[in-house]
Amino acid sequence: MPSHAAAAPHIGASALTACMDTFRLIDGQRVHFKDGVRVHGYITNGGQAVNIIPERAACEFSVRARDVEELERVRAIVERCARGAAMASGVEVALHLRPGYKDMRNNLTLARVFGEHLAAAGRRATEADPRLGAGSTDMGDVSHAVPSIHPYLAIVGEGEAMCHEHRFAAAAASDRGTDTALDAARAMAKTAIELLTSQALREAVRTEWSSRSAAP
């Protein structure tokens, strides 16, 4: 309910306060999130004028987790926080959900073959690097349907930049960025050829993928 922010603030009900309280409530729940969970958001509509108690406000959150089960659990917590904040401010809340991506299931059998071809080109590959953090990609959905890999190749020195930074964007357009993309393409092509021509590799890849798909 809008009201004049100076003359009659006691009459209004602030949708913006509910938005801000949603952030605070979510922050209070982070201690209960499992490792790898990320919840981040921003206010998309903070009100209509500085001298009016906001009748309408909106915010948007992205929820990430390492598996679908934890994602659903945390999503429910975020929704609960939004409803609790709305109740505290005496305003209504409307939730609009957009389905996200599933977790990425790298097929290590196939990934190791890619790593061998990468090493042959002079690039040493590690199987995992927890320092990379978490991201989201529709490749996760693909990996639940067919055996898949999602390699990462560095285009900057360690500690120089992370994705979404200006320095990273500049590196992507550099000669090093182009050379890295070509190295990845060659290793991927050689991996695909080996998969198509080796029955033993196909069976090993299929066996790993089937065992992970059957796991609860």
# chains A, B, ... in the order shown; residues from 1 in each chain; ligands from 1
call {"tool": "residues_around", "arguments": {"residues": "region 71-77 of chain A", "least_positions_apart": "5", "cutoff": "12 Å", "atoms": "only C-alpha atoms", "output": "PDB file with C-alpha atoms, in the first residue's frame"}}
result
ATOM      1  CA  THR A  22      14.218 -11.381   1.892  1.00  0.00           C
ATOM      2  CA  PHE A  23      17.933 -10.819   1.351  1.00  0.00           C
ATOM      3  CA  LEU A  25      16.562 -13.813   5.796  1.00  0.00           C
ATOM      4  CA  ILE A  26      18.404 -15.728   3.085  1.00  0.00           C
ATOM      5  CA  ASP A  27      21.734 -14.557   4.519  1.00  0.00           C
ATOM      6  CA  GLY A  28      20.643 -15.940   7.874  1.00  0.00           C
ATOM      7  CA  GLN A  29      20.040 -19.352   6.306  1.00  0.00           C
ATOM      8  CA  ARG A  30      23.443 -19.705   4.604  1.00  0.00           C
ATOM      9  CA  VAL A  31      24.853 -21.603   7.576  1.00  0.00           C
ATOM     10  CA  HIS A  32      22.419 -24.396   6.674  1.00  0.00           C
ATOM     11  CA  PHE A  33      23.497 -24.656   3.023  1.00  0.00           C
ATOM     12  CA  LYS A  34      25.742 -27.493   1.909  1.00  0.00           C
ATOM     13  CA  ASP A  35      29.144 -26.830   0.357  1.00  0.00           C
ATOM     14  CA  GLY A  36      28.867 -25.630  -3.215  1.00  0.00           C
ATOM     15  CA  VAL A  37      25.506 -23.880  -2.787  1.00  0.00           C
ATOM     16  CA  ARG A  38      25.285 -20.337  -4.113  1.00  0.00           C
ATOM     17  CA  VAL A  39      22.324 -17.982  -3.713  1.00  0.00           C
ATOM     18  CA  HIS A  40      22.705 -14.504  -5.152  1.00  0.00           C
ATOM     19  CA  PHE A  61      17.564 -14.680  -7.166  1.00  0.00           C
ATOM     20  CA  SER A  62      19.617 -17.438  -8.705  1.00  0.00           C
ATOM     21  CA  VAL A  63      20.036 -20.674  -6.738  1.00  0.00           C
ATOM     22  CA  ARG A  64      22.885 -23.065  -7.519  1.00  0.00           C
ATOM     23  CA  ALA A  65      23.815 -26.394  -5.963  1.00  0.00           C
ATOM     24  CA  ARG A  66      25.948 -29.413  -6.785  1.00  0.00           C
ATOM     25  CA  ALA A  82      10.313 -14.410   0.616  1.00  0.00           C
ATOM     26  CA  ARG A  83       6.963 -15.363   2.115  1.00  0.00           C
ATOM     27  CA  GLY A  84       8.174 -14.624   5.641  1.00  0.00           C
ATOM     28  CA  LEU A  95       6.751 -15.937  -6.919  1.00  0.00           C
ATOM     29  CA  LEU A  97       9.987 -19.640 -10.924  1.00  0.00           C
ATOM     30  CA  ARG A  98      12.199 -20.381 -13.915  1.00  0.00           C
ATOM     31  CA  PRO A  99      13.638 -23.899 -14.142  1.00  0.00           C
ATOM     32  CA  GLY A 100      17.423 -23.926 -14.062  1.00  0.00           C
ATOM     33  CA  TYR A 101      20.049 -26.380 -15.223  1.00  0.00           C
ATOM     34  CA  LYS A 102      20.873 -29.773 -13.778  1.00  0.00           C
ATOM     35  CA  ASP A 103      24.240 -30.535 -12.239  1.00  0.00           C
TER      36      ASP A 103
END
call {"tool": "closest_atom_pairs", "arguments": {"of": "region 17-114 of chain A", "to": "region 191-212 of chain A", "cutoff": "7 Å", "atoms": "only C-alpha atoms", "output": "Markdown table"}}
result
| residue | atom | partner | partner_atom | distance |
| --- | --- | --- | --- | --- |
| A:Asn107 | CA | A:Trp209 | CA | 6.6 |
| A:Thr109 | CA | A:Val205 | CA | 5.7 |
| A:Leu110 | CA | A:Val205 | CA | 6.2 |
| A:Val113 | CA | A:Thr191 | CA | 6.3 |
| A:Phe114 | CA | A:Thr191 | CA | 5.5 |
call {"tool": "closest_residue", "arguments": {"among": "A:Glu116, A:Asp67, A:Glu60, A:Asp175", "to": "Thr44 (chain A)", "atoms": "only C-alpha atoms"}}
result
A:Glu60
call {"tool": "atom_distance", "arguments": {"atom1": "CA of Leu108 (chain A)", "atom2": "CA of Arg186 (chain A)"}}
result
18.8 Å
call {"tool": "select_by_dssp", "arguments": {"residues": "region 64-140 of chain A", "states": "alpha helix (DSSP H)", "output": "PyMOL selection string"}}
result
chain A and resi 68-89+108-120+139-140
call {"tool": "write_last_selection", "arguments": {"atoms": "N, CA and C atoms", "output": "mmCIF file, in the first residue's frame"}}
result
data_model
loop_
_atom_site.group_PDB
_atom_site.id
_atom_site.type_symbol
_atom_site.label_atom_id
_atom_site.label_comp_id
_atom_site.auth_asym_id
_atom_site.auth_seq_id
_atom_site.Cartn_x
_atom_site.Cartn_y
_atom_site.Cartn_z
ATOM 1 N N VAL A 68 20.673 -31.932 -7.864
ATOM 2 C CA VAL A 68 19.276 -31.505 -7.990
ATOM 3 C C VAL A 68 18.563 -31.530 -6.640
ATOM 4 N N GLU A 69 18.876 -32.523 -5.808
ATOM 5 C CA GLU A 69 18.197 -32.653 -4.521
ATOM 6 C C GLU A 69 18.468 -31.442 -3.624
ATOM 7 N N GLU A 70 19.735 -31.034 -3.538
ATOM 8 C CA GLU A 70 20.071 -29.875 -2.720
ATOM 9 C C GLU A 70 19.509 -28.594 -3.335
ATOM 10 N N LEU A 71 19.476 -28.541 -4.644
ATOM 11 C CA LEU A 71 18.906 -27.373 -5.318
ATOM 12 C C LEU A 71 17.449 -27.176 -4.913
ATOM 13 N N GLU A 72 16.682 -28.256 -4.914
ATOM 14 C CA GLU A 72 15.275 -28.167 -4.551
ATOM 15 C C GLU A 72 15.104 -27.792 -3.088
ATOM 16 N N ARG A 73 15.960 -28.316 -2.225
ATOM 17 C CA ARG A 73 15.875 -27.995 -0.799
ATOM 18 C C ARG A 73 16.138 -26.509 -0.555
ATOM 19 N N VAL A 74 17.181 -25.978 -1.200
ATOM 20 C CA VAL A 74 17.529 -24.564 -1.007
ATOM 21 C C VAL A 74 16.487 -23.663 -1.666
ATOM 22 N N ARG A 75 15.967 -24.068 -2.816
ATOM 23 C CA ARG A 75 14.912 -23.275 -3.459
ATOM 24 C C ARG A 75 13.730 -23.097 -2.517
ATOM 25 N N ALA A 76 13.362 -24.165 -1.811
ATOM 26 C CA ALA A 76 12.247 -24.079 -0.865
ATOM 27 C C ALA A 76 12.567 -23.112 0.277
ATOM 28 N N ILE A 77 13.826 -23.081 0.716
ATOM 29 C CA ILE A 77 14.235 -22.146 1.767
ATOM 30 C C ILE A 77 14.105 -20.709 1.278
ATOM 31 N N VAL A 78 14.559 -20.453 0.049
ATOM 32 C CA VAL A 78 14.475 -19.104 -0.511
ATOM 33 C C VAL A 78 13.014 -18.661 -0.620
ATOM 34 N N GLU A 79 12.146 -19.545 -1.067
ATOM 35 C CA GLU A 79 10.725 -19.204 -1.163
ATOM 36 C C GLU A 79 10.148 -18.908 0.216
ATOM 37 N N ARG A 80 10.548 -19.702 1.204
ATOM 38 C CA ARG A 80 10.066 -19.487 2.564
ATOM 39 C C ARG A 80 10.506 -18.120 3.090
ATOM 40 N N CYS A 81 11.742 -17.736 2.786
ATOM 41 C CA CYS A 81 12.239 -16.424 3.210
ATOM 42 C C CYS A 81 11.428 -15.297 2.576
ATOM 43 N N ALA A 82 11.101 -15.443 1.297
ATOM 44 C CA ALA A 82 10.313 -14.410 0.616
ATOM 45 C C ALA A 82 8.916 -14.290 1.234
ATOM 46 N N ARG A 83 8.304 -15.402 1.529
ATOM 47 C CA ARG A 83 6.963 -15.363 2.115
ATOM 48 C C ARG A 83 7.009 -14.782 3.532
ATOM 49 N N GLY A 84 8.050 -15.163 4.289
ATOM 50 C CA GLY A 84 8.174 -14.624 5.641
ATOM 51 C C GLY A 84 8.399 -13.123 5.641
ATOM 52 N N ALA A 85 9.218 -12.632 4.698
ATOM 53 C CA ALA A 85 9.466 -11.194 4.603
ATOM 54 C C ALA A 85 8.196 -10.452 4.218
ATOM 55 N N ALA A 86 7.420 -11.014 3.310
ATOM 56 C CA ALA A 86 6.171 -10.373 2.898
ATOM 57 C C ALA A 86 5.186 -10.324 4.062
ATOM 58 N N MET A 87 5.108 -11.390 4.818
ATOM 59 C CA MET A 87 4.204 -11.419 5.962
ATOM 60 C C MET A 87 4.614 -10.369 6.998
ATOM 61 N N ALA A 88 5.916 -10.217 7.227
ATOM 62 C CA ALA A 88 6.386 -9.252 8.217
ATOM 63 C C ALA A 88 6.032 -7.822 7.828
ATOM 64 N N SER A 89 6.041 -7.525 6.537
ATOM 65 C CA SER A 89 5.742 -6.161 6.071
ATOM 66 C C SER A 89 4.272 -5.963 5.728
ATOM 67 N N LEU A 108 34.205 -39.339 -16.571
ATOM 68 C CA LEU A 108 35.660 -39.297 -16.393
ATOM 69 C C LEU A 108 36.387 -40.196 -17.385
ATOM 70 N N THR A 109 35.765 -41.276 -17.795
ATOM 71 C CA THR A 109 36.395 -42.139 -18.805
ATOM 72 C C THR A 109 36.661 -41.346 -20.076
ATOM 73 N N LEU A 110 35.662 -40.611 -20.509
ATOM 74 C CA LEU A 110 35.793 -39.804 -21.720
ATOM 75 C C LEU A 110 36.681 -38.589 -21.466
ATOM 76 N N ALA A 111 36.576 -38.008 -20.294
ATOM 77 C CA ALA A 111 37.368 -36.823 -19.974
ATOM 78 C C ALA A 111 38.865 -37.156 -19.953
ATOM 79 N N ARG A 112 39.223 -38.336 -19.480
ATOM 80 C CA ARG A 112 40.635 -38.712 -19.435
ATOM 81 C C ARG A 112 41.211 -38.888 -20.833
ATOM 82 N N VAL A 113 40.390 -39.352 -21.746
ATOM 83 C CA VAL A 113 40.845 -39.457 -23.139
ATOM 84 C C VAL A 113 41.088 -38.060 -23.695
ATOM 85 N N PHE A 114 40.176 -37.151 -23.422
ATOM 86 C CA PHE A 114 40.376 -35.766 -23.841
ATOM 87 C C PHE A 114 41.667 -35.216 -23.233
ATOM 88 N N GLY A 115 41.905 -35.516 -21.965
ATOM 89 C CA GLY A 115 43.109 -35.052 -21.299
ATOM 90 C C GLY A 115 44.374 -35.592 -21.934
ATOM 91 N N GLU A 116 44.338 -36.835 -22.393
ATOM 92 C CA GLU A 116 45.501 -37.420 -23.060
ATOM 93 C C GLU A 116 45.810 -36.692 -24.366
ATOM 94 N N HIS A 117 44.770 -36.378 -25.116
ATOM 95 C CA HIS A 117 44.988 -35.650 -26.373
ATOM 96 C C HIS A 117 45.453 -34.223 -26.099
ATOM 97 N N LEU A 118 44.974 -33.656 -25.025
ATOM 98 C CA LEU A 118 45.406 -32.315 -24.651
ATOM 99 C C LEU A 118 46.884 -32.335 -24.233
ATOM 100 N N ALA A 119 47.253 -33.357 -23.482
ATOM 101 C CA ALA A 119 48.645 -33.476 -23.051
ATOM 102 C C ALA A 119 49.577 -33.658 -24.240
ATOM 103 N N ALA A 120 49.111 -34.385 -25.243
ATOM 104 C CA ALA A 120 49.921 -34.588 -26.442
ATOM 105 C C ALA A 120 50.182 -33.274 -27.178
ATOM 106 N N MET A 139 24.755 -27.734 -20.426
ATOM 107 C CA MET A 139 25.479 -28.979 -20.634
ATOM 108 C C MET A 139 25.183 -29.960 -19.496
ATOM 109 N N GLY A 140 24.811 -29.426 -18.324
ATOM 110 C CA GLY A 140 24.419 -30.297 -17.226
ATOM 111 C C GLY A 140 23.216 -31.145 -17.594
#
call {"tool": "closest_residue", "arguments": {"among": "A:Ile155, A:Arg24, A:Gly12, A:Gln48", "to": "Arg167 (chain A)", "atoms": "only C-alpha atoms"}}
result
A:Ile155
